[in-house]
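S.K.: Just so it is clear, I am handing over entry.tsv, which has TSV, C-alpha atoms (C1' of nucleotides).
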chain	number	residue	atom	x	y	z
O	156	MET	CA	129.93	114.97	127.43
O	157	LEU	CA	126.26	114.19	127.24
O	158	ARG	CA	124.30	117.05	125.79
O	159	GLY	CA	120.84	115.98	126.75
O	160	MET	CA	117.70	117.70	125.67
O	161	GLU	CA	118.01	121.41	126.17
O	162	ARG	CA	114.69	122.52	127.54
O	163	SER	CA	112.38	121.15	130.17
O	164	THR	CA	108.92	121.03	128.70
O	165	ARG	CA	105.62	119.80	130.08
O	166	GLN	CA	105.68	117.04	127.49
O	167	ARG	CA	109.11	115.76	128.43
O	168	LYS	CA	108.34	115.90	132.11
O	169	ALA	CA	105.13	113.94	131.55
O	170	ILE	CA	106.91	111.28	129.53
O	171	ARG	CA	109.60	110.77	132.15
O	172	GLU	CA	106.97	110.63	134.89
O	173	VAL	CA	104.89	108.09	133.05
O	174	MET	CA	107.88	105.85	132.50
O	175	ALA	CA	108.87	106.07	136.16
O	176	GLU	CA	105.34	105.54	137.44
O	177	LEU	CA	104.32	102.62	135.26
O	178	ASP	CA	107.74	101.03	135.72
O	179	ARG	CA	107.51	98.60	132.85
O	180	PRO	CA	108.62	98.69	129.22
O	181	LEU	CA	106.24	100.88	127.24
O	182	SER	CA	105.60	101.18	123.54
O	183	PRO	CA	105.53	104.69	122.07
O	184	ASN	CA	101.75	104.47	121.93
O	185	GLU	CA	101.50	103.37	125.55
O	186	VAL	CA	103.69	106.32	126.49
O	187	LEU	CA	101.48	108.63	124.46
O	188	GLU	CA	98.26	107.40	125.95
O	189	ALA	CA	99.52	107.67	129.52
O	190	ALA	CA	101.24	111.01	128.96
O	191	ARG	CA	98.11	112.52	127.46
O	192	HIS	CA	96.47	112.20	130.87
O	193	LYS	CA	99.00	114.75	132.03
O	194	VAL	CA	99.34	116.79	128.84
O	195	PRO	CA	96.22	116.48	126.67
O	196	GLY	CA	96.87	116.94	122.98
O	197	MET	CA	100.42	115.62	123.09
O	198	GLY	CA	101.47	114.27	119.68
O	199	ILE	CA	103.11	110.98	118.84
O	200	ALA	CA	106.04	112.77	117.20
O	201	THR	CA	106.95	114.30	120.54
O	202	VAL	CA	106.95	110.85	122.10
O	203	TYR	CA	109.32	109.48	119.46
O	204	ARG	CA	111.57	112.54	119.71
O	205	THR	CA	111.68	112.39	123.48
O	206	LEU	CA	112.33	108.65	123.61
O	207	LYS	CA	115.17	109.12	121.15
O	208	GLY	CA	116.59	111.87	123.34
O	209	LEU	CA	116.33	109.74	126.47
O	210	LEU	CA	118.16	106.92	124.70
O	211	GLU	CA	120.95	109.25	123.56
O	212	GLU	CA	121.26	110.67	127.06
O	213	GLY	CA	121.47	107.16	128.39
O	214	SER	CA	118.48	107.60	130.67
O	215	ALA	CA	116.31	105.08	128.83
O	216	VAL	CA	116.97	101.78	127.11
O	217	SER	CA	115.02	99.91	124.48
O	218	VAL	CA	113.50	96.52	125.19
O	219	GLU	CA	113.11	94.24	122.21
O	220	LEU	CA	110.83	91.24	122.39
O	221	PRO	CA	110.35	88.64	119.67
O	222	GLY	CA	108.03	89.82	116.94
O	223	GLU	CA	107.31	93.14	118.64
O	224	ALA	CA	108.24	96.73	117.97
O	225	PRO	CA	110.64	98.11	120.57
O	226	ARG	CA	109.44	99.22	123.98
O	227	TYR	CA	111.31	101.59	126.28
O	228	GLU	CA	112.11	101.63	129.97
O	229	LEU	CA	114.20	103.88	132.21
O	230	ALA	CA	117.85	102.94	132.40
O	231	GLY	CA	119.78	101.90	135.48
O	232	LYS	CA	117.90	98.78	136.41
O	233	LYS	CA	119.89	95.71	137.26
O	234	HIS	CA	119.98	92.64	135.06
O	235	HIS	CA	116.45	91.41	134.53
O	236	HIS	CA	114.12	89.77	132.06
O	237	HIS	CA	110.53	90.28	130.96
O	238	PHE	CA	107.07	88.78	131.05
O	239	HIS	CA	104.69	89.35	128.15
O	240	CYS	CA	101.00	88.95	128.89
O	241	THR	CA	99.40	87.10	126.01
O	242	LEU	CA	96.01	88.63	126.79
O	243	CYS	CA	96.53	92.35	127.44
O	244	GLY	CA	99.89	92.57	125.70
O	245	LYS	CA	101.57	94.44	128.54
O	246	VAL	CA	105.19	93.68	129.33
O	247	PHE	CA	106.42	93.44	132.92
O	248	GLU	CA	109.80	93.30	134.52
O	249	LEU	CA	110.88	90.09	136.19
O	250	GLU	CA	113.36	89.56	138.99
O	251	GLY	CA	115.78	86.70	139.04
O	252	CYS	CA	117.66	84.87	136.33
O	253	PRO	CA	118.77	81.28	135.85
O	254	GLY	CA	122.19	82.82	135.29
O	255	ASP	CA	124.13	80.04	133.65
O	256	PHE	CA	123.18	78.92	130.18
O	257	SER	CA	126.60	77.62	129.24
O	258	PHE	CA	125.41	74.02	129.29
O	259	MET	CA	123.32	74.86	126.23
O	260	LEU	CA	126.28	76.19	124.22
O	261	PRO	CA	127.63	74.10	121.38
O	262	LYS	CA	131.37	73.41	121.66
O	263	GLY	CA	133.43	76.22	120.22
O	264	PHE	CA	130.74	78.87	120.71
O	265	LYS	CA	131.12	81.73	123.17
O	266	THR	CA	128.25	83.55	124.76
O	267	GLU	CA	128.15	87.25	125.66
O	268	LYS	CA	124.63	87.72	126.87
O	269	HIS	CA	121.21	86.14	126.95
O	270	GLU	CA	117.55	87.01	126.94
O	271	VAL	CA	114.68	85.23	128.62
O	272	VAL	CA	111.05	86.04	127.92
O	273	LEU	CA	108.16	84.41	129.75
O	274	TYR	CA	104.69	84.43	128.24
O	275	GLY	CA	101.39	83.95	130.00
O	276	ARG	CA	98.68	85.79	131.90
O	277	CYS	CA	99.37	88.69	134.20
O	278	LEU	CA	97.69	89.26	137.55
O	279	GLU	CA	95.05	91.61	136.14
O	280	CYS	CA	94.16	89.30	133.28
O	281	LEU	CA	93.68	86.32	135.59
O	282	LYS	CA	91.14	88.11	137.79
T	103	MET	CA	92.54	68.24	105.53
T	104	LEU	CA	95.80	69.89	104.62
T	105	ARG	CA	95.80	71.03	101.04
T	106	GLY	CA	99.48	71.66	100.58
T	107	MET	CA	101.01	73.22	97.57
T	108	GLU	CA	99.73	71.57	94.45
T	109	ARG	CA	102.74	71.23	92.21
T	110	SER	CA	106.27	70.11	92.80
T	111	THR	CA	108.51	72.69	91.24
T	112	ARG	CA	112.28	73.01	91.12
T	113	GLN	CA	112.00	76.12	93.28
T	114	ARG	CA	109.98	74.44	96.01
T	115	LYS	CA	112.21	71.42	96.05
T	116	ALA	CA	115.28	73.63	96.35
T	117	ILE	CA	113.79	75.61	99.23
T	118	ARG	CA	112.90	72.50	101.17
T	119	GLU	CA	116.36	71.05	100.54
T	120	VAL	CA	118.10	74.19	101.66
T	121	MET	CA	116.11	74.31	104.88
T	122	ALA	CA	116.87	70.66	105.61
T	123	GLU	CA	120.55	70.94	104.74
T	124	LEU	CA	121.37	74.12	106.63
T	125	ASP	CA	119.25	72.98	109.57
T	126	ARG	CA	119.00	76.35	111.26
T	127	PRO	CA	116.41	79.14	111.16
T	128	LEU	CA	116.75	81.05	107.91
T	129	SER	CA	115.53	84.45	106.86
T	130	PRO	CA	113.75	84.68	103.51
T	131	ASN	CA	116.90	86.24	102.07
T	132	GLU	CA	119.11	83.47	103.42
T	133	VAL	CA	116.74	80.95	101.87
T	134	LEU	CA	116.88	82.83	98.58
T	135	GLU	CA	120.65	83.03	98.50
T	136	ALA	CA	121.11	79.36	99.27
T	137	ALA	CA	118.33	78.21	96.96
T	138	ARG	CA	119.75	80.20	94.06
T	139	HIS	CA	122.75	77.88	94.11
T	140	LYS	CA	120.32	75.18	93.07
T	141	VAL	CA	117.92	77.26	90.97
T	142	PRO	CA	119.63	80.38	89.64
T	143	GLY	CA	117.29	83.26	89.02
T	144	MET	CA	114.84	82.31	91.72
T	145	GLY	CA	112.88	85.33	92.92
T	146	ILE	CA	112.23	86.49	96.45
T	147	ALA	CA	108.47	86.36	95.89
T	148	THR	CA	108.72	82.62	95.36
T	149	VAL	CA	110.56	82.28	98.64
T	150	TYR	CA	107.86	84.17	100.53
T	151	ARG	CA	105.10	82.23	98.79
T	152	THR	CA	106.75	78.91	99.48
T	153	LEU	CA	107.50	79.70	103.11
T	154	LYS	CA	103.89	80.71	103.59
T	155	GLY	CA	102.79	77.44	102.02
T	156	LEU	CA	105.13	75.43	104.25
T	157	LEU	CA	103.74	77.20	107.31
T	158	GLU	CA	100.16	76.49	106.27
T	159	GLU	CA	101.02	72.87	105.62
T	160	GLY	CA	102.59	72.70	109.03
T	161	SER	CA	105.95	71.62	107.66
T	162	ALA	CA	107.75	74.79	108.73
T	163	VAL	CA	107.52	77.10	111.72
T	164	SER	CA	108.56	80.69	112.20
T	165	VAL	CA	111.27	81.66	114.66
T	166	GLU	CA	111.03	85.15	116.09
T	167	LEU	CA	114.00	86.75	117.77
T	168	PRO	CA	114.07	90.15	119.46
T	169	GLY	CA	114.37	92.99	117.01
T	170	GLU	CA	114.59	90.69	114.01
T	171	ALA	CA	112.30	89.80	111.15
T	172	PRO	CA	111.04	86.22	111.35
T	173	ARG	CA	113.20	83.30	110.31
T	174	TYR	CA	111.90	79.89	109.32
T	175	GLU	CA	112.88	76.34	110.16
T	176	LEU	CA	111.40	72.94	109.36
T	177	ALA	CA	108.78	71.77	111.80
T	178	GLY	CA	108.90	68.71	114.02
T	179	LYS	CA	111.89	69.53	116.15
T	180	LYS	CA	111.60	69.08	119.87
T	181	HIS	CA	111.58	71.98	122.33
T	182	HIS	CA	114.71	74.06	121.80
T	183	HIS	CA	116.10	77.56	121.89
T	184	HIS	CA	118.43	79.60	119.71
T	185	PHE	CA	121.84	81.19	119.52
T	186	HIS	CA	122.31	84.39	117.56
T	187	CYS	CA	125.86	85.15	116.41
T	188	THR	CA	126.53	88.85	116.93
T	189	LEU	CA	129.16	88.85	114.19
T	190	CYS	CA	127.75	86.93	111.23
T	191	GLY	CA	124.12	87.22	112.26
T	192	LYS	CA	123.37	83.54	111.74
T	193	VAL	CA	120.98	81.82	114.11
T	194	PHE	CA	121.65	78.30	115.37
T	195	GLU	CA	119.60	75.75	117.20
T	196	LEU	CA	120.52	74.91	120.78
T	197	GLU	CA	119.88	71.75	122.74
T	198	GLY	CA	118.85	71.77	126.34
T	199	CYS	CA	116.70	74.10	128.38
T	200	PRO	CA	116.77	75.28	131.97
T	201	GLY	CA	113.17	74.13	132.04
T	202	ASP	CA	111.78	75.79	135.11
T	203	PHE	CA	111.44	79.55	135.19
T	204	SER	CA	108.60	79.65	137.71
T	205	PHE	CA	110.88	81.14	140.39
T	206	MET	CA	110.97	84.32	138.27
T	207	LEU	CA	107.18	84.67	138.13
T	208	PRO	CA	105.53	87.40	140.19
T	209	LYS	CA	102.78	86.09	142.47
T	210	GLY	CA	99.49	85.80	140.71
T	211	PHE	CA	101.01	85.46	137.23
T	212	LYS	CA	100.78	82.23	135.23
T	213	THR	CA	103.24	81.21	132.56
T	214	GLU	CA	102.43	79.29	129.39
T	215	LYS	CA	105.74	79.25	127.59
T	216	HIS	CA	109.16	80.82	127.48
T	217	GLU	CA	111.90	81.81	125.08
T	218	VAL	CA	115.64	81.86	125.65
T	219	VAL	CA	118.08	83.45	123.24
T	220	LEU	CA	121.83	83.33	123.67
T	221	TYR	CA	124.03	85.88	121.92
T	222	GLY	CA	127.71	85.61	121.16
T	223	ARG	CA	130.18	84.29	118.62
T	224	CYS	CA	129.65	81.12	116.67
T	225	LEU	CA	132.35	78.55	115.91
T	226	GLU	CA	133.14	79.98	112.48
T	227	CYS	CA	133.36	83.56	113.72
T	228	LEU	CA	135.80	82.62	116.48
T	229	LYS	CA	138.27	80.99	114.10
J	208	DA	C1'	108.12	141.59	129.27
J	209	DT	C1'	111.11	140.75	125.21
J	210	DC	C1'	113.41	137.84	122.24
J	211	DA	C1'	116.12	134.18	120.12
J	212	DT	C1'	115.61	129.64	119.57
J	213	DA	C1'	114.31	125.03	120.84
J	214	DA	C1'	110.14	122.23	121.01
J	215	DT	C1'	105.60	120.96	119.58
J	216	DG	C1'	101.78	118.93	116.74
J	217	DA	C1'	100.02	117.69	112.37
J	218	DT	C1'	101.13	115.25	108.77
J	219	DA	C1'	103.94	114.06	104.76
J	220	DA	C1'	107.70	111.17	103.72
J	221	DA	C1'	110.86	107.44	104.40
J	222	DT	C1'	111.85	102.59	105.59
J	223	DC	C1'	111.54	97.91	105.39
J	224	DA	C1'	109.42	93.53	105.29
J	225	DT	C1'	105.80	91.32	103.12
J	226	DT	C1'	101.98	90.74	99.76
J	227	DA	C1'	99.48	91.55	95.39
J	228	DT	C1'	99.51	91.96	90.46
J	229	DC	C1'	100.15	90.22	86.01
J	230	DA	C1'	102.43	88.62	81.91
J	231	DT	C1'	105.05	84.56	81.00
J	232	DA	C1'	106.72	79.92	81.98
J	233	DT	C1'	106.16	75.34	83.95
J	234	DT	C1'	103.76	71.35	85.48
J	235	DG	C1'	101.29	67.26	84.98
J	236	DT	C1'	97.13	65.22	83.02
J	237	DC	C1'	95.10	63.53	78.93
X	269	DG	C1'	102.77	66.73	72.48
X	270	DA	C1'	98.70	69.77	73.61
X	271	DC	C1'	96.29	72.10	77.06
X	272	DA	C1'	94.33	73.97	81.27
X	273	DA	C1'	95.77	75.51	85.47
X	274	DT	C1'	99.21	76.51	88.76
X	275	DA	C1'	103.69	78.70	89.66
X	276	DT	C1'	107.19	81.99	88.74
X	277	DG	C1'	109.75	86.47	88.54
X	278	DA	C1'	109.67	91.36	88.36
X	279	DT	C1'	107.97	94.91	90.53
X	280	DA	C1'	104.23	97.83	92.29
X	281	DA	C1'	101.47	98.19	96.35
X	282	DT	C1'	100.71	97.65	101.16
X	283	DG	C1'	101.04	98.15	106.14
X	284	DA	C1'	103.30	99.42	110.17
X	285	DT	C1'	106.58	102.00	112.42
X	286	DT	C1'	109.57	105.75	112.60
X	287	DT	C1'	111.54	110.14	110.92
X	288	DA	C1'	111.41	114.68	108.52
X	289	DT	C1'	109.20	119.01	107.56
X	290	DC	C1'	107.41	123.28	108.82
X	291	DA	C1'	104.36	126.73	110.69
X	292	DT	C1'	103.24	127.84	115.34
X	293	DT	C1'	104.05	127.81	120.40
X	294	DA	C1'	106.63	127.70	124.64
X	295	DT	C1'	110.94	128.08	127.18
X	296	DG	C1'	114.34	130.47	129.68
X	297	DA	C1'	117.92	133.94	129.60
X	298	DT	C1'	118.20	138.84	129.70
Go through the file and emit its structure as structure tokens.
M.R.:
Amino acid sequence: MLRGMERSTRQRKAIREVMAELDRPLSPNEVLEAARHKVPGMGIATVYRTLKGLLEEGSAVSVELPGEAPRYELAGKKHHHHFHCTLCGKVFELEGCPGDFSFMLPKGFKTEKHEVVLYGRCLECLK
Amino acid sequence: MLRGMERSTRQRKAIREVMAELDRPLSPNEVLEAARHKVPGMGIATVYRTLKGLLEEGSAVSVELPGEAPRYELAGKKHHHHFHCTLCGKVFELEGCPGDFSFMLPKGFKTEKHEVVLYGRCLECLK
DNA sequence: ATCATAATGATAAATCATTATCATATTGTC
DNA sequence: GACAATATGATAATGATTTATCATTATGAT
């Protein structure tokens, strides 16, 4: 049985809201900055504690990109990949997937999953 | 003008050999372990220093995978991606590439490059 | 409103990969 | 072979991220 976090605090509500509203993988600092608009004075420790709780509950997942510290997004999304803007550093969700990478597999290897990351400029950064 | 490392030492020779022989991206510790078979007593600092020198020379490149510290491979290979064995942790080079990911791009975004990582079991680990 | 206790914020501590330091050893030039 | 200078190995220091600590505050059940 999932225990979950026991109390509903302003901080936790703000963090969940921010993750739902921005709808892209966020670093702990991005979460903090956005959540402070709702709860000024929030501390980074609360962000780390809450993210850890959300992961344990299963309501968030971590998103690891090459050479980057983990970001976090709400769980329950369908299979997808990510876009990393090389200018602003934000990460966005992508739809679609080439699906079959088996033609790249050496003989005798078996594949379980894959990751695709696209890099470039996001809409905002191209304006 | 590339300066390069000034002296040819047993350690540097061993590190270059190991990278050429194993022909897959290696972590500094993997380099150390393999190179110690050729030069017992080699220290990890020498591995880091030599890898840094190889990068500056342009004769090695770093390979970043999600959630992992950088690995290093010799430069000059053509466009390729990597396979990460979930059992032994070794990373292998893959041939081939789906090539076109533009169908995944949101409107208004521009892509510059991409990374693909396959995860699964390598030949050795399936035996 | 009271109260037990979980949660918070500030910050110290832990982690882990990488780099700097420095005494000693090695290289390669003469 | 001698010598100046670079390289090495051991390890301390660093930097970045994450976790632990603890006094104080807020939650929610009564």
S.K.: Need the neighbours of (115.1, 131.7, 121.1): which residues are at most 9 Å away, counting all atoms listed in the file, as an MDAnalysis selection string?
M.R.: (chainID J and resid 210:213) or (chainID X and resid 295:296)
S.K.: Counting all atoms listed in the file, which residues of chain O fall within 6 Å of chain T, and what is the closest atom pair for each with its distance in Å at one decimal, ordered by chain and rising number, as JSON lines?
M.R.:
{"residue": "O:Glu219", "atom": "CA", "partner": "T:Pro168", "partner_atom": "CA", "distance": 5.0}
{"residue": "O:Leu220", "atom": "CA", "partner": "T:Pro168", "partner_atom": "CA", "distance": 4.5}
{"residue": "O:Pro221", "atom": "CA", "partner": "T:Pro168", "partner_atom": "CA", "distance": 4.0}
{"residue": "O:Gly222", "atom": "CA", "partner": "T:Glu166", "partner_atom": "CA", "distance": 5.6}
{"residue": "O:Glu250", "atom": "CA", "partner": "T:Met206", "partner_atom": "CA", "distance": 5.8}
{"residue": "O:Gly251", "atom": "CA", "partner": "T:Met206", "partner_atom": "CA", "distance": 5.4}
{"residue": "O:Met259", "atom": "CA", "partner": "T:Gly198", "partner_atom": "CA", "distance": 5.4}
{"residue": "O:Gly263", "atom": "CA", "partner": "T:Leu225", "partner_atom": "CA", "distance": 5.0}
{"residue": "O:Phe264", "atom": "CA", "partner": "T:Cys224", "partner_atom": "CA", "distance": 4.8}
{"residue": "O:Lys265", "atom": "CA", "partner": "T:Arg223", "partner_atom": "CA", "distance": 5.3}
{"residue": "O:Thr266", "atom": "CA", "partner": "T:Gly222", "partner_atom": "CA", "distance": 4.2}
{"residue": "O:Glu267", "atom": "CA", "partner": "T:Gly222", "partner_atom": "CA", "distance": 4.8}
{"residue": "O:Lys268", "atom": "CA", "partner": "T:Tyr221", "partner_atom": "CA", "distance": 5.3}
{"residue": "O:His269", "atom": "CA", "partner": "T:Leu220", "partner_atom": "CA", "distance": 4.4}
{"residue": "O:Glu270", "atom": "CA", "partner": "T:Val219", "partner_atom": "CA", "distance": 5.2}
{"residue": "O:Val271", "atom": "CA", "partner": "T:Val218", "partner_atom": "CA", "distance": 4.6}
{"residue": "O:Val272", "atom": "CA", "partner": "T:Glu217", "partner_atom": "CA", "distance": 5.2}
{"residue": "O:Leu273", "atom": "CA", "partner": "T:His216", "partner_atom": "CA", "distance": 4.4}
{"residue": "O:Tyr274", "atom": "CA", "partner": "T:Lys215", "partner_atom": "CA", "distance": 5.3}
{"residue": "O:Gly275", "atom": "CA", "partner": "T:Thr213", "partner_atom": "CA", "distance": 4.2}
{"residue": "O:Arg276", "atom": "CA", "partner": "T:Lys212", "partner_atom": "CA", "distance": 5.3}
{"residue": "O:Cys277", "atom": "CA", "partner": "T:Phe211", "partner_atom": "CA", "distance": 4.7}
{"residue": "O:Leu278", "atom": "CA", "partner": "T:Gly210", "partner_atom": "CA", "distance": 5.0}
S.K.: Write out the residues from the selection above, keeping C-alpha atoms, as a compact mmCIF listing (two decimals), in the frame of the given file.
M.R.:
# COMPACT_ATOMS: atom_id res chain seq x y z
CA GLU O 219 113.11 94.24 122.21
CA LEU O 220 110.83 91.24 122.39
CA PRO O 221 110.35 88.64 119.67
CA GLY O 222 108.03 89.82 116.94
CA GLU O 250 113.36 89.56 138.99
CA GLY O 251 115.78 86.70 139.04
CA MET O 259 123.32 74.86 126.23
CA GLY O 263 133.43 76.22 120.22
CA PHE O 264 130.74 78.87 120.71
CA LYS O 265 131.12 81.73 123.17
CA THR O 266 128.25 83.55 124.76
CA GLU O 267 128.15 87.25 125.66
CA LYS O 268 124.63 87.72 126.87
CA HIS O 269 121.21 86.14 126.95
CA GLU O 270 117.55 87.01 126.94
CA VAL O 271 114.68 85.23 128.62
CA VAL O 272 111.05 86.04 127.92
CA LEU O 273 108.16 84.41 129.75
CA TYR O 274 104.69 84.43 128.24
CA GLY O 275 101.39 83.95 130.00
CA ARG O 276 98.68 85.79 131.90
CA CYS O 277 99.37 88.69 134.20
CA LEU O 278 97.69 89.26 137.55
S.K.: Mind pulling up the distance from C1' of DT279 (chain X) to C1' of DA230 (chain J)?
M.R.: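 That distance, rounded to one decimal, is 12.0 Å.
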S.K.: Between CA of Glu228 (chain O) and CA of Pro183 (chain O), what is the spacing in Å?
M.R.: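 Pair CA of Pro183 (chain O) / CA of Glu228 (chain O) returns 10.7 Å.
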S.K.: With all atoms listed in the file as the counted atoms, please give the residues lying no more than 12 Å from DT234 (chain J), apart from itself and same-chain residues fewer than 3 positions off, as a list in words.
M.R.: Glu108, Arg109, Ser110, Thr111 and Arg112 of chain T; DC271, DA272, DA273, DT274, DA275 and DT276 of chain X
S.K.: After superposing chain T onto chain O (least squares, all C-alpha atoms, pairing by order), export the transformed chain as a compact mmCIF listing (two decimals) with C-alpha atoms, in the frame of the given file.
M.R.:
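Result file is out_2.txt:
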# COMPACT_ATOMS: atom_id res chain seq x y z
CA MET T 103 129.83 115.11 127.48
CA LEU T 104 126.16 114.31 127.34
CA ARG T 105 124.20 117.14 125.82
CA GLY T 106 120.73 116.11 126.84
CA MET T 107 117.60 117.79 125.71
CA GLU T 108 117.88 121.51 126.15
CA ARG T 109 114.53 122.60 127.47
CA SER T 110 112.24 121.24 130.12
CA THR T 111 108.80 121.07 128.61
CA ARG T 112 105.51 119.81 129.99
CA GLN T 113 105.60 117.01 127.42
CA ARG T 114 109.05 115.79 128.40
CA LYS T 115 108.27 115.95 132.07
CA ALA T 116 105.08 113.96 131.52
CA ILE T 117 106.88 111.28 129.52
CA ARG T 118 109.55 110.83 132.15
CA GLU T 119 106.91 110.68 134.89
CA VAL T 120 104.86 108.12 133.04
CA MET T 121 107.87 105.89 132.51
CA ALA T 122 108.83 106.13 136.18
CA GLU T 123 105.29 105.58 137.45
CA LEU T 124 104.33 102.63 135.27
CA ASP T 125 107.77 101.09 135.76
CA ARG T 126 107.54 98.61 132.91
CA PRO T 127 108.68 98.70 129.28
CA LEU T 128 106.31 100.88 127.27
CA SER T 129 105.69 101.16 123.57
CA PRO T 130 105.63 104.66 122.10
CA ASN T 131 101.84 104.39 121.92
CA GLU T 132 101.56 103.32 125.54
CA VAL T 133 103.73 106.28 126.49
CA LEU T 134 101.52 108.57 124.42
CA GLU T 135 98.29 107.31 125.91
CA ALA T 136 99.52 107.62 129.47
CA ALA T 137 101.22 110.97 128.92
CA ARG T 138 98.09 112.45 127.38
CA HIS T 139 96.42 112.12 130.77
CA LYS T 140 98.93 114.70 131.93
CA VAL T 141 99.28 116.72 128.72
CA PRO T 142 96.20 116.36 126.54
CA GLY T 143 96.87 116.79 122.86
CA MET T 144 100.41 115.51 122.99
CA GLY T 145 101.51 114.16 119.62
CA ILE T 146 103.18 110.88 118.81
CA ALA T 147 106.11 112.67 117.17
CA THR T 148 106.97 114.23 120.52
CA VAL T 149 106.99 110.81 122.10
CA TYR T 150 109.40 109.44 119.50
CA ARG T 151 111.60 112.52 119.74
CA THR T 152 111.69 112.39 123.51
CA LEU T 153 112.37 108.66 123.66
CA LYS T 154 115.23 109.13 121.23
CA GLY T 155 116.60 111.92 123.41
CA LEU T 156 116.32 109.78 126.54
CA LEU T 157 118.19 106.97 124.80
CA GLU T 158 120.96 109.32 123.68
CA GLU T 159 121.22 110.74 127.17
CA GLY T 160 121.46 107.24 128.51
CA SER T 161 118.45 107.67 130.76
CA ALA T 162 116.32 105.12 128.92
CA VAL T 163 117.01 101.82 127.20
CA SER T 164 115.11 99.92 124.56
CA VAL T 165 113.59 96.52 125.26
CA GLU T 166 113.20 94.24 122.27
CA LEU T 167 110.91 91.25 122.42
CA PRO T 168 110.40 88.66 119.69
CA GLY T 169 108.10 89.85 116.96
CA GLU T 170 107.41 93.16 118.66
CA ALA T 171 108.38 96.75 118.02
CA PRO T 172 110.75 98.12 120.65
CA ARG T 173 109.52 99.23 124.05
CA TYR T 174 111.36 101.61 126.34
CA GLU T 175 112.14 101.65 130.04
CA LEU T 176 114.21 103.92 132.27
CA ALA T 177 117.85 102.99 132.48
CA GLY T 178 119.78 101.93 135.56
CA LYS T 179 117.94 98.78 136.47
CA LYS T 180 119.96 95.71 137.27
CA HIS T 181 120.04 92.63 135.05
CA HIS T 182 116.49 91.40 134.53
CA HIS T 183 114.15 89.76 132.07
CA HIS T 184 110.56 90.28 130.99
CA PHE T 185 107.09 88.81 131.08
CA HIS T 186 104.74 89.39 128.18
CA CYS T 187 101.02 88.99 128.92
CA THR T 188 99.41 87.14 126.02
CA LEU T 189 96.03 88.70 126.80
CA CYS T 190 96.58 92.40 127.45
CA GLY T 191 99.94 92.61 125.72
CA LYS T 192 101.62 94.47 128.57
CA VAL T 193 105.23 93.71 129.36
CA PHE T 194 106.45 93.46 132.95
CA GLU T 195 109.84 93.32 134.56
CA LEU T 196 110.92 90.09 136.22
CA GLU T 197 113.41 89.55 139.01
CA GLY T 198 115.82 86.69 139.05
CA CYS T 199 117.69 84.87 136.32
CA PRO T 200 118.78 81.29 135.82
CA GLY T 201 122.20 82.79 135.25
CA ASP T 202 124.11 80.01 133.60
CA PHE T 203 123.12 78.88 130.14
CA SER T 204 126.54 77.56 129.14
CA PHE T 205 125.30 73.95 129.23
CA MET T 206 123.20 74.81 126.15
CA LEU T 207 126.16 76.09 124.13
CA PRO T 208 127.48 73.96 121.28
CA LYS T 209 131.21 73.27 121.54
CA GLY T 210 133.27 76.02 120.08
CA PHE T 211 130.62 78.71 120.56
CA LYS T 212 131.06 81.58 123.03
CA THR T 213 128.21 83.45 124.64
CA GLU T 214 128.17 87.13 125.53
CA LYS T 215 124.65 87.64 126.78
CA HIS T 216 121.22 86.10 126.90
CA GLU T 217 117.55 87.00 126.90
CA VAL T 218 114.68 85.23 128.60
CA VAL T 219 111.05 86.05 127.94
CA LEU T 220 108.16 84.45 129.77
CA TYR T 221 104.69 84.47 128.25
CA GLY T 222 101.40 84.00 130.02
CA ARG T 223 98.70 85.84 131.92
CA CYS T 224 99.39 88.74 134.21
CA LEU T 225 97.71 89.32 137.57
CA GLU T 226 95.07 91.66 136.17
CA CYS T 227 94.18 89.36 133.28
CA LEU T 228 93.68 86.38 135.59
CA LYS T 229 91.16 88.18 137.79
S.K.: Tell me, as a list in words, which residues lie within 12 Å of DT218 (chain J), counting all atoms listed in the file; anything in the same chain fewer than 6 positions away does not count.
M.R.: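 Returned residues: Gly198, Ile199 and Ala200 of chain O; DT287, DA288, DT289 and DC290 of chain X.
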S.K.: For those residues, write C-alpha atoms (C1' of nucleotides) to a file as a tab-separated table (two decimals), in the frame of the given file.
M.R.:
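Saved result, again.tsv, follows:
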chain	number	residue	atom	x	y	z
O	198	GLY	CA	101.47	114.27	119.68
O	199	ILE	CA	103.11	110.98	118.84
O	200	ALA	CA	106.04	112.77	117.20
X	287	DT	C1'	111.54	110.14	110.92
X	288	DA	C1'	111.41	114.68	108.52
X	289	DT	C1'	109.20	119.01	107.56
X	290	DC	C1'	107.41	123.28	108.82
S.K.: Of the residues X:DT298, X:DT286, X:DT293, X:DA270, which is the one nearest to chain O, using all atoms listed in the file?
M.R.: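 Closest residue, counting all atoms listed in the file: X:DT286.
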S.K.: At a cut-off of 12 Å, can you tabulate as a Markdown table every residue of chain J near chain T together with its closest atom pair and the distance in Å to one decimal, using all atoms listed in the file and ordering rows by chain then number?
M.R.:
| residue | atom | partner | partner_atom | distance |
| --- | --- | --- | --- | --- |
| J:DC223 | C1' | T:Ala171 | CA | 10.0 |
| J:DA224 | C1' | T:Ala171 | CA | 7.5 |
| J:DT225 | C1' | T:Tyr150 | CA | 7.9 |
| J:DT226 | C1' | T:Ala147 | CA | 8.7 |
| J:DA227 | C1' | T:Ala147 | CA | 10.4 |
| J:DT228 | C1' | T:Ala147 | CA | 11.9 |
| J:DA232 | C1' | T:Thr111 | CA | 11.9 |
| J:DT233 | C1' | T:Thr111 | CA | 8.1 |
| J:DT234 | C1' | T:Arg109 | CA | 6.8 |
| J:DG235 | C1' | T:Arg109 | CA | 8.4 |
S.K.: For the residues selected in the previous step, produce a file with C-alpha atoms (C1' of nucleotides) as a compact mmCIF listing (two decimals), in the coordinates of the input.
M.R.:
# COMPACT_ATOMS: atom_id res chain seq x y z
C1' DC J 223 111.54 97.91 105.39
C1' DA J 224 109.42 93.53 105.29
C1' DT J 225 105.80 91.32 103.12
C1' DT J 226 101.98 90.74 99.76
C1' DA J 227 99.48 91.55 95.39
C1' DT J 228 99.51 91.96 90.46
C1' DA J 232 106.72 79.92 81.98
C1' DT J 233 106.16 75.34 83.95
C1' DT J 234 103.76 71.35 85.48
C1' DG J 235 101.29 67.26 84.98
